[in-house]
file run_16.txt (compact mmCIF, C-alpha atoms and all ligand atoms)
# COMPACT_ATOMS: atom_id res chain seq x y z
CA MET J 1 -28.44 0.15 26.73
CA LYS J 2 -25.66 1.54 28.97
CA ARG J 3 -22.97 -1.08 28.47
CA PHE J 4 -20.12 1.34 29.28
CA GLU J 5 -21.38 3.11 32.42
CA GLY J 6 -18.41 4.27 34.51
CA LYS J 7 -15.89 3.45 31.77
CA THR J 8 -13.64 5.72 29.73
CA CYS J 9 -12.67 5.35 26.07
CA ILE J 10 -10.12 7.02 23.85
CA VAL J 11 -11.21 7.29 20.21
CA THR J 12 -8.43 8.42 17.89
CA GLY J 13 -9.58 10.37 14.86
CA GLY J 14 -12.83 10.85 16.78
CA ALA J 15 -13.49 14.36 15.49
CA LYS J 16 -14.96 13.26 12.16
CA GLY J 17 -16.17 10.34 10.09
CA ILE J 18 -16.26 6.81 11.48
CA GLY J 19 -14.41 7.85 14.66
CA ALA J 20 -17.04 10.49 15.42
CA ALA J 21 -19.80 7.86 15.09
CA ILE J 22 -17.88 5.50 17.38
CA ALA J 23 -17.34 8.28 19.97
CA TRP J 24 -21.06 9.07 19.81
CA ARG J 25 -22.17 5.44 20.16
CA LEU J 26 -19.86 4.66 23.10
CA GLY J 27 -20.84 7.99 24.72
CA ILE J 28 -24.59 7.44 24.54
CA GLU J 29 -23.99 3.96 26.00
CA GLY J 30 -22.55 5.59 29.13
CA CYS J 31 -18.82 5.87 28.37
CA ASN J 32 -16.70 8.92 29.13
CA VAL J 33 -15.17 9.90 25.80
CA ALA J 34 -11.68 11.22 25.06
CA VAL J 35 -11.29 12.32 21.45
CA PHE J 36 -7.72 12.34 20.11
CA ASP J 37 -7.42 14.24 16.84
CA ILE J 38 -5.39 16.87 15.00
CA ASP J 39 -8.47 18.78 13.80
CA GLU J 40 -9.15 21.12 16.73
CA GLU J 41 -12.25 22.79 15.28
CA ALA J 42 -13.99 19.52 14.45
CA GLY J 43 -12.84 18.03 17.78
CA ALA J 44 -14.30 20.93 19.76
CA TYR J 45 -17.58 20.64 17.83
CA ARG J 46 -17.75 16.88 18.45
CA VAL J 47 -17.20 17.03 22.22
CA GLY J 48 -19.71 19.89 22.35
CA GLU J 49 -22.33 17.65 20.72
CA LEU J 50 -21.49 14.83 23.13
CA ALA J 51 -21.76 17.18 26.13
CA LYS J 52 -25.21 18.33 24.90
CA ALA J 53 -26.25 14.67 25.01
CA GLY J 54 -25.05 14.43 28.64
CA VAL J 55 -21.77 12.62 27.87
CA ARG J 56 -18.56 13.51 29.74
CA ALA J 57 -16.29 14.20 26.78
CA ARG J 58 -13.00 15.97 26.18
CA PHE J 59 -10.89 16.79 23.16
CA TYR J 60 -7.11 16.29 23.22
CA ARG J 61 -4.99 17.57 20.35
CA VAL J 62 -2.88 14.48 19.69
CA ASP J 63 -1.14 13.44 16.49
CA VAL J 64 -1.12 9.66 16.92
CA SER J 65 2.20 9.35 15.09
CA ASN J 66 3.98 11.53 17.68
CA GLU J 67 5.07 9.56 20.76
CA GLU J 68 5.42 12.56 23.05
CA GLN J 69 1.90 13.77 22.22
CA VAL J 70 0.45 10.27 22.67
CA PHE J 71 2.24 9.79 26.02
CA LYS J 72 0.99 13.15 27.33
CA GLY J 73 -2.52 12.70 25.92
CA VAL J 74 -3.03 9.29 27.52
CA GLY J 75 -1.67 10.58 30.85
CA ASN J 76 -4.08 13.54 30.69
CA VAL J 77 -7.04 11.23 30.01
CA TYR J 78 -6.13 9.16 33.08
CA ALA J 79 -5.79 12.34 35.18
CA ASP J 80 -9.13 13.70 33.90
CA PHE J 81 -11.25 10.53 34.05
CA GLY J 82 -9.39 8.16 36.39
CA GLY J 83 -9.13 5.26 33.96
CA VAL J 84 -8.74 4.09 30.37
CA ASN J 85 -10.90 1.05 29.61
CA VAL J 86 -11.34 1.16 25.83
CA LEU J 87 -8.98 2.37 23.11
CA VAL J 88 -10.26 2.63 19.54
CA ASN J 89 -7.38 3.11 17.10
CA ASN J 90 -9.38 4.69 14.30
CA ALA J 91 -7.30 7.66 13.07
CA GLY J 92 -6.14 6.90 9.56
CA ILE J 93 -5.25 8.51 6.27
CA GLY J 94 -5.92 7.30 2.76
CA PHE J 95 -3.92 6.95 -0.38
CA THR J 96 -3.37 9.04 -3.47
CA GLY J 97 -3.90 6.28 -6.02
CA ARG J 98 -0.54 6.86 -7.69
CA SER J 99 1.32 3.90 -9.19
CA ILE J 100 4.21 2.44 -7.22
CA GLU J 101 6.69 4.15 -9.55
CA GLU J 102 5.17 7.51 -8.65
CA GLN J 103 4.68 6.91 -4.92
CA SER J 104 7.16 8.85 -2.78
CA ILE J 105 8.97 7.59 0.27
CA GLU J 106 7.42 10.51 2.21
CA GLU J 107 3.91 9.33 1.28
CA TRP J 108 4.75 5.72 2.25
CA ARG J 109 6.24 6.80 5.59
CA ARG J 110 3.37 9.15 6.50
CA ILE J 111 0.71 6.49 5.82
CA ILE J 112 2.62 3.86 7.79
CA ASP J 113 3.29 6.38 10.59
CA VAL J 114 -0.36 7.35 11.06
CA ASN J 115 -2.11 4.05 10.23
CA LEU J 116 0.28 1.57 11.86
CA THR J 117 2.80 3.30 14.13
CA GLY J 118 -0.06 5.40 15.59
CA PRO J 119 -2.04 2.36 16.84
CA TRP J 120 1.18 0.80 18.15
CA LEU J 121 2.06 3.99 20.08
CA CYS J 122 -1.43 4.48 21.52
CA SER J 123 -1.59 0.81 22.55
CA LYS J 124 1.87 1.00 24.12
CA HIS J 125 0.90 3.97 26.29
CA VAL J 126 -2.55 2.79 27.41
CA VAL J 127 -1.36 -0.63 28.59
CA LYS J 128 0.05 0.78 31.84
CA TYR J 129 -3.45 2.01 32.78
CA MET J 130 -5.47 -0.83 31.26
CA LYS J 131 -3.49 -3.42 33.20
CA LYS J 132 -5.11 -2.10 36.40
CA THR J 133 -8.66 -2.98 35.27
CA GLY J 134 -8.50 -5.00 32.06
CA GLY J 135 -9.66 -3.37 28.85
CA VAL J 136 -10.27 -3.56 25.13
CA ILE J 137 -8.33 -2.23 22.14
CA VAL J 138 -10.18 -2.08 18.81
CA ASN J 139 -8.14 -1.36 15.68
CA ILE J 140 -9.96 0.01 12.64
CA ALA J 141 -8.33 -1.71 9.66
CA SER J 142 -9.94 -2.02 6.20
CA THR J 143 -11.06 -4.63 3.70
CA ARG J 144 -8.11 -3.29 1.70
CA ALA J 145 -5.94 -5.29 4.10
CA LEU J 146 -7.51 -8.38 2.52
CA GLN J 147 -8.08 -7.46 -1.15
CA SER J 148 -6.94 -4.62 -3.40
CA GLU J 149 -7.55 -2.50 -6.41
CA PRO J 150 -4.45 -1.09 -8.15
CA ASN J 151 -2.20 1.51 -6.52
CA THR J 152 -3.14 1.14 -2.85
CA GLU J 153 0.17 -0.33 -1.64
CA PRO J 154 1.03 2.00 1.30
CA TYR J 155 -2.55 1.97 2.62
CA SER J 156 -3.09 -1.79 2.15
CA ALA J 157 0.28 -2.56 3.74
CA SER J 158 -0.48 -0.30 6.72
CA LYS J 159 -3.83 -2.00 7.31
CA GLY J 160 -2.39 -5.48 6.78
CA GLY J 161 0.24 -4.62 9.38
CA LEU J 162 -2.54 -3.49 11.69
CA LEU J 163 -4.17 -6.93 11.48
CA ALA J 164 -0.85 -8.55 12.46
CA LEU J 165 -0.41 -6.03 15.29
CA THR J 166 -3.90 -7.00 16.48
CA HIS J 167 -3.26 -10.72 16.89
CA SER J 168 0.23 -10.18 18.22
CA LEU J 169 -0.94 -7.73 20.91
CA ALA J 170 -3.92 -9.93 21.74
CA ILE J 171 -1.61 -12.78 22.66
CA SER J 172 0.78 -10.56 24.64
CA LEU J 173 -1.95 -8.77 26.60
CA ALA J 174 -4.44 -11.59 27.28
CA LYS J 175 -2.85 -12.25 30.69
CA TYR J 176 -3.83 -8.70 31.74
CA ARG J 177 -7.47 -9.23 30.69
CA ILE J 178 -6.93 -6.88 27.77
CA ARG J 179 -8.70 -7.98 24.57
CA VAL J 180 -7.48 -6.74 21.20
CA LEU J 181 -9.63 -6.87 18.06
CA ALA J 182 -9.69 -5.51 14.53
CA VAL J 183 -12.62 -4.29 12.48
CA SER J 184 -12.30 -4.11 8.69
CA PRO J 185 -14.88 -1.83 7.14
CA GLY J 186 -15.65 -1.79 3.44
CA TRP J 187 -16.87 1.38 1.73
CA ILE J 188 -18.33 3.72 4.36
CA ASP J 189 -20.01 7.03 3.44
CA THR J 190 -18.77 9.44 6.11
CA SER J 191 -20.32 12.59 4.60
CA GLU J 192 -22.86 13.19 7.37
CA TRP J 193 -20.23 12.74 10.09
CA GLN J 194 -17.81 15.30 8.67
CA PHE J 195 -17.45 18.79 10.09
CA PRO J 196 -18.92 20.82 8.53
CA PRO J 197 -21.27 18.09 7.20
CA ARG J 198 -21.05 17.31 3.49
CA LYS J 199 -23.76 16.16 1.12
CA PRO J 200 -23.42 12.51 0.07
CA SER J 201 -22.44 12.20 -3.60
CA LEU J 202 -23.20 8.53 -4.13
CA THR J 203 -24.91 7.03 -7.17
CA ARG J 204 -27.45 4.23 -7.33
CA LEU J 205 -24.72 2.01 -8.80
CA ASP J 206 -22.48 2.65 -5.77
CA HIS J 207 -25.22 1.21 -3.58
CA GLU J 208 -26.10 -1.65 -5.96
CA TRP J 209 -22.47 -2.79 -6.06
CA HIS J 210 -23.01 -4.00 -2.49
CA PRO J 211 -24.81 -7.34 -2.04
CA ALA J 212 -26.54 -5.76 1.00
CA GLY J 213 -27.96 -3.09 -1.33
CA ARG J 214 -26.26 -0.01 0.05
CA VAL J 215 -22.95 1.63 0.89
CA GLY J 216 -22.02 1.42 4.58
CA ARG J 217 -22.67 4.10 7.19
CA PRO J 218 -20.37 5.11 10.05
CA GLU J 219 -23.07 3.80 12.42
CA ASP J 220 -22.62 0.30 10.93
CA VAL J 221 -19.01 0.33 12.14
CA ALA J 222 -19.84 2.05 15.44
CA SER J 223 -22.39 -0.57 16.50
CA LEU J 224 -19.90 -3.37 15.79
CA VAL J 225 -17.15 -1.60 17.74
CA ALA J 226 -19.54 -1.10 20.67
CA PHE J 227 -20.35 -4.82 20.69
CA LEU J 228 -16.69 -5.85 20.50
CA ALA J 229 -15.70 -3.40 23.25
CA SER J 230 -18.50 -4.61 25.54
CA ASP J 231 -18.53 -7.56 27.92
CA GLU J 232 -20.88 -9.33 25.48
CA ALA J 233 -17.79 -10.04 23.34
CA GLY J 234 -15.79 -11.10 26.40
CA TRP J 235 -14.46 -14.30 24.80
CA MET J 236 -13.34 -12.63 21.58
CA THR J 237 -9.77 -11.53 21.12
CA GLY J 238 -7.13 -11.49 18.37
CA VAL J 239 -9.55 -11.63 15.45
CA ASN J 240 -10.63 -9.37 12.61
CA VAL J 241 -14.32 -8.76 11.87
CA VAL J 242 -15.30 -7.57 8.38
CA VAL J 243 -18.23 -5.14 8.02
CA ASP J 244 -18.69 -4.50 4.29
CA GLY J 245 -22.25 -5.27 3.14
CA GLY J 246 -21.06 -8.57 1.65
CA VAL J 247 -18.54 -7.22 -0.89
CA THR J 248 -15.55 -9.32 0.26
CA SER J 249 -17.57 -12.53 0.08
CA ARG J 250 -19.02 -11.97 -3.36
CA MET J 251 -17.75 -14.03 -6.26
CA VAL J 252 -17.36 -11.97 -9.44
CA TYR J 253 -18.07 -13.66 -12.81
CA LEU J 254 -16.76 -12.34 -16.10
CA ASP J 255 -19.32 -12.67 -18.92
P1 LIG J 301 -11.95 10.68 8.01
O1 LIG J 301 -10.88 11.33 7.20
O2 LIG J 301 -13.37 11.07 7.80
O3 LIG J 301 -11.60 10.86 9.55
C1 LIG J 301 -10.33 10.56 10.05
C2 LIG J 301 -10.08 11.38 11.31
O4 LIG J 301 -8.73 11.08 11.73
C3 LIG J 301 -10.14 12.91 11.07
O5 LIG J 301 -10.87 13.53 12.10
C4 LIG J 301 -8.68 13.31 11.05
O6 LIG J 301 -8.47 14.66 11.48
C5 LIG J 301 -8.07 12.31 12.03
N1 LIG J 301 -6.62 12.15 11.86
C6 LIG J 301 -5.93 12.04 10.69
N2 LIG J 301 -4.61 11.94 10.94
C7 LIG J 301 -4.47 11.97 12.29
C8 LIG J 301 -3.36 11.89 13.16
N3 LIG J 301 -2.11 11.82 12.69
N4 LIG J 301 -3.57 11.93 14.50
C9 LIG J 301 -4.83 12.06 14.99
N5 LIG J 301 -5.92 12.13 14.21
C10 LIG J 301 -5.74 12.09 12.88
O7 LIG J 301 -11.76 9.10 7.79
P2 LIG J 301 -12.81 7.91 7.96
O8 LIG J 301 -13.31 7.56 6.61
O9 LIG J 301 -13.77 8.18 9.05
O10 LIG J 301 -11.82 6.74 8.38
C11 LIG J 301 -11.60 6.35 9.73
C12 LIG J 301 -10.80 5.06 9.76
O11 LIG J 301 -11.52 4.04 9.07
C13 LIG J 301 -9.44 5.17 9.04
O12 LIG J 301 -8.49 4.42 9.76
C14 LIG J 301 -9.71 4.57 7.69
O13 LIG J 301 -8.53 4.04 7.10
C15 LIG J 301 -10.71 3.48 8.06
N6 LIG J 301 -11.57 3.06 6.96
C16 LIG J 301 -12.41 3.94 6.31
C17 LIG J 301 -13.22 3.47 5.28
C18 LIG J 301 -14.19 4.37 4.55
O14 LIG J 301 -14.74 3.93 3.50
N7 LIG J 301 -14.46 5.58 5.04
C19 LIG J 301 -13.16 2.11 4.88
C20 LIG J 301 -12.29 1.26 5.55
C21 LIG J 301 -11.50 1.73 6.58
call {"tool": "encode", "arguments": {"input": "run_16.txt", "output": "structure tokens", "more": "lines below"}}
Ligand code: NAD
result
Amino acid sequence: MKRFEGKTCIVTGGAKGIGAAIAWRLGIEGCNVAVFDIDEEAGAYRVGELAKAGVRARFYRVDVSNEEQVFKGVGNVYADFGGVNVLVNNAGIGFTGRSIEEQSIEEWRRIIDVNLTGPWLCSKHVVKYMKKTGGVIVNIASTRALQSEPNTEPYSASKGGLLALTHSLAISLAKYRIRVLAVSPGWIDTSEWQFPPRKPSLTRLDHEWHPAGRVGRPEDVASLVAFLASDEAGWMTGVNVVVDGGVTSRMVYLD
């Protein structure tokens, strides 16, 4: 299937993990791929792999929390490819698991900056170009926006904010034929999409915890993003789609 022939996407955090799988999937479906990331070595490797598969791909060193870098990066993508049709706001950082009394303001600010301000900045600067053709913005949130274990406050708040940014932008941008969607993955094993690749260190119990019988793979998220970014999802905007092997829906009984 070549659902993105002649189109150009920006995938933030596309050098590794889920973002790398999304960049790969959109690329093999015909999209030109712009990878925004701060990891230059992994970014260069990733666009090299895409180029070997015949995909027009370029790496741009962009910290998504830095407005000047985002502004320049998006302008360079337009200059290089002549359009920006899909933006995947995937770059994100996790949490340390410290209690709220031990969390620092620096940690809070950095997580909010990358996970929430970053998608806002990238969206802000692609709109000028997307308005010309219509387009799609997909925000990678998390099931932790919807449910929590202890000590995830900065991360959960950043992803909850991202869901609100999604529906708010969707309403503002619908008149330009720009759709905005969120995807909330559950536990995704990114080991094979790291650079250099890592060995998975999952146990049988990790897989069995999931009603679907296994931990998620980056490809599970990538195929959903490709569907949402394609014309097949043309009447979808403003909503969040959970991809978690059934964990969020499962009722837990205490014996
Ligand atoms: P990862 O750490 O494997 O990859 C993240 C990528 O983002 C890296 O290439 C990193 O260099 C890049 N990055 C980090 N900060 C950046 C910045 N300031 N500017 C540009 N790039 C930056 O992470 P992942 O597991 O693939 O996660 C990707 C997204 O999916 C994140 O938003 C994460 O919160 C979300 N997510 C992951 C899981 C999971 O289980 N892996 C579950 C739910 C949601």
call {"tool": "closest_residue", "arguments": {"input": "run_16.txt", "among": "J:His210, J:Arg144, J:Lys7, J:Arg177", "to": "ligand LIG 301 (chain J)", "atoms": "all atoms listed in the file"}}
result
J:Arg144
call {"tool": "residues_around", "arguments": {"input": "run_16.txt", "residues": "Ser172 (chain J)", "least_positions_apart": "4", "cutoff": "12 Å", "atoms": "all atoms listed in the file", "output": "count of residues only"}}
result
15
call {"tool": "closest_residue", "arguments": {"input": "run_16.txt", "among": "J:Glu232, J:Glu29, J:Asp113, J:Glu106", "to": "Ser65 (chain J)", "atoms": "all atoms listed in the file"}}
result
J:Asp113
call {"tool": "closest_atom_pairs", "arguments": {"input": "run_16.txt", "of": "chain J", "to": "ligand LIG 301 (chain J)", "cutoff": "8 Å", "atoms": "all atoms listed in the file", "output": "Markdown table"}}
result
| residue | atom | partner | partner_atom | distance |
| --- | --- | --- | --- | --- |
| J:Thr12 | CA | J:LIG301 | N5 | 5.8 |
| J:Gly13 | CA | J:LIG301 | O4 | 3.3 |
| J:Gly14 | CA | J:LIG301 | O5 | 5.7 |
| J:Ala15 | CA | J:LIG301 | O5 | 4.4 |
| J:Lys16 | CA | J:LIG301 | O5 | 4.1 |
| J:Gly17 | CA | J:LIG301 | O9 | 3.4 |
| J:Ile18 | CA | J:LIG301 | O9 | 3.7 |
| J:Gly19 | CA | J:LIG301 | O9 | 5.7 |
| J:Ala20 | CA | J:LIG301 | O9 | 7.5 |
| J:Phe36 | CA | J:LIG301 | C9 | 5.9 |
| J:Asp37 | CA | J:LIG301 | N5 | 3.7 |
| J:Ile38 | CA | J:LIG301 | N5 | 4.8 |
| J:Asp39 | CA | J:LIG301 | O6 | 4.7 |
| J:Ala42 | CA | J:LIG301 | O5 | 7.2 |
| J:Gly43 | CA | J:LIG301 | O5 | 7.5 |
| J:Arg61 | CA | J:LIG301 | C9 | 7.7 |
| J:Val62 | CA | J:LIG301 | C9 | 5.6 |
| J:Asp63 | CA | J:LIG301 | N4 | 3.5 |
| J:Val64 | CA | J:LIG301 | N4 | 4.1 |
| J:Ser65 | CA | J:LIG301 | N3 | 5.5 |
| J:Asn66 | CA | J:LIG301 | N3 | 7.9 |
| J:Asn89 | CA | J:LIG301 | O12 | 7.5 |
| J:Asn90 | CA | J:LIG301 | O12 | 4.6 |
| J:Ala91 | CA | J:LIG301 | O4 | 3.9 |
| J:Gly92 | CA | J:LIG301 | O12 | 3.4 |
| J:Ile93 | CA | J:LIG301 | O13 | 5.6 |
| J:Gly94 | CA | J:LIG301 | O13 | 6.0 |
| J:Asp113 | CA | J:LIG301 | N3 | 7.9 |
| J:Val114 | CA | J:LIG301 | N3 | 5.1 |
| J:Asn115 | CA | J:LIG301 | O12 | 6.4 |
| J:Gly118 | CA | J:LIG301 | N3 | 7.3 |
| J:Ile140 | CA | J:LIG301 | O12 | 5.5 |
| J:Ala141 | CA | J:LIG301 | C21 | 5.6 |
| J:Ser142 | CA | J:LIG301 | C21 | 4.1 |
| J:Thr143 | CA | J:LIG301 | C20 | 6.3 |
| J:Arg144 | CA | J:LIG301 | C20 | 7.3 |
| J:Tyr155 | CA | J:LIG301 | O13 | 7.8 |
| J:Lys159 | CA | J:LIG301 | O13 | 7.7 |
| J:Ser184 | CA | J:LIG301 | C20 | 6.2 |
| J:Pro185 | CA | J:LIG301 | C20 | 4.3 |
| J:Gly186 | CA | J:LIG301 | C19 | 4.8 |
| J:Trp187 | CA | J:LIG301 | O14 | 3.8 |
| J:Ile188 | CA | J:LIG301 | O14 | 3.7 |
| J:Asp189 | CA | J:LIG301 | N7 | 6.0 |
| J:Thr190 | CA | J:LIG301 | O8 | 5.8 |
| J:Ser191 | CA | J:LIG301 | O2 | 7.8 |
| J:Trp193 | CA | J:LIG301 | O2 | 7.4 |
| J:Gln194 | CA | J:LIG301 | O2 | 6.2 |
| J:Gly216 | CA | J:LIG301 | O14 | 7.8 |
| J:Pro218 | CA | J:LIG301 | O9 | 7.3 |
call {"tool": "closest_residue", "arguments": {"input": "run_16.txt", "among": "J:Phe195, J:Tyr253, J:Trp235, J:Phe227", "to": "Val86 (chain J)", "atoms": "all atoms listed in the file"}}
result
J:Phe227
call {"tool": "atom_distance", "arguments": {"input": "run_16.txt", "atom1": "CA of Ile111 (chain J)", "atom2": "CA of Leu162 (chain J)"}}
result
12.0 Å
call {"tool": "atom_distance", "arguments": {"input": "run_16.txt", "atom1": "CA of Gly97 (chain J)", "atom2": "CA of Ser158 (chain J)"}}
result
14.7 Å
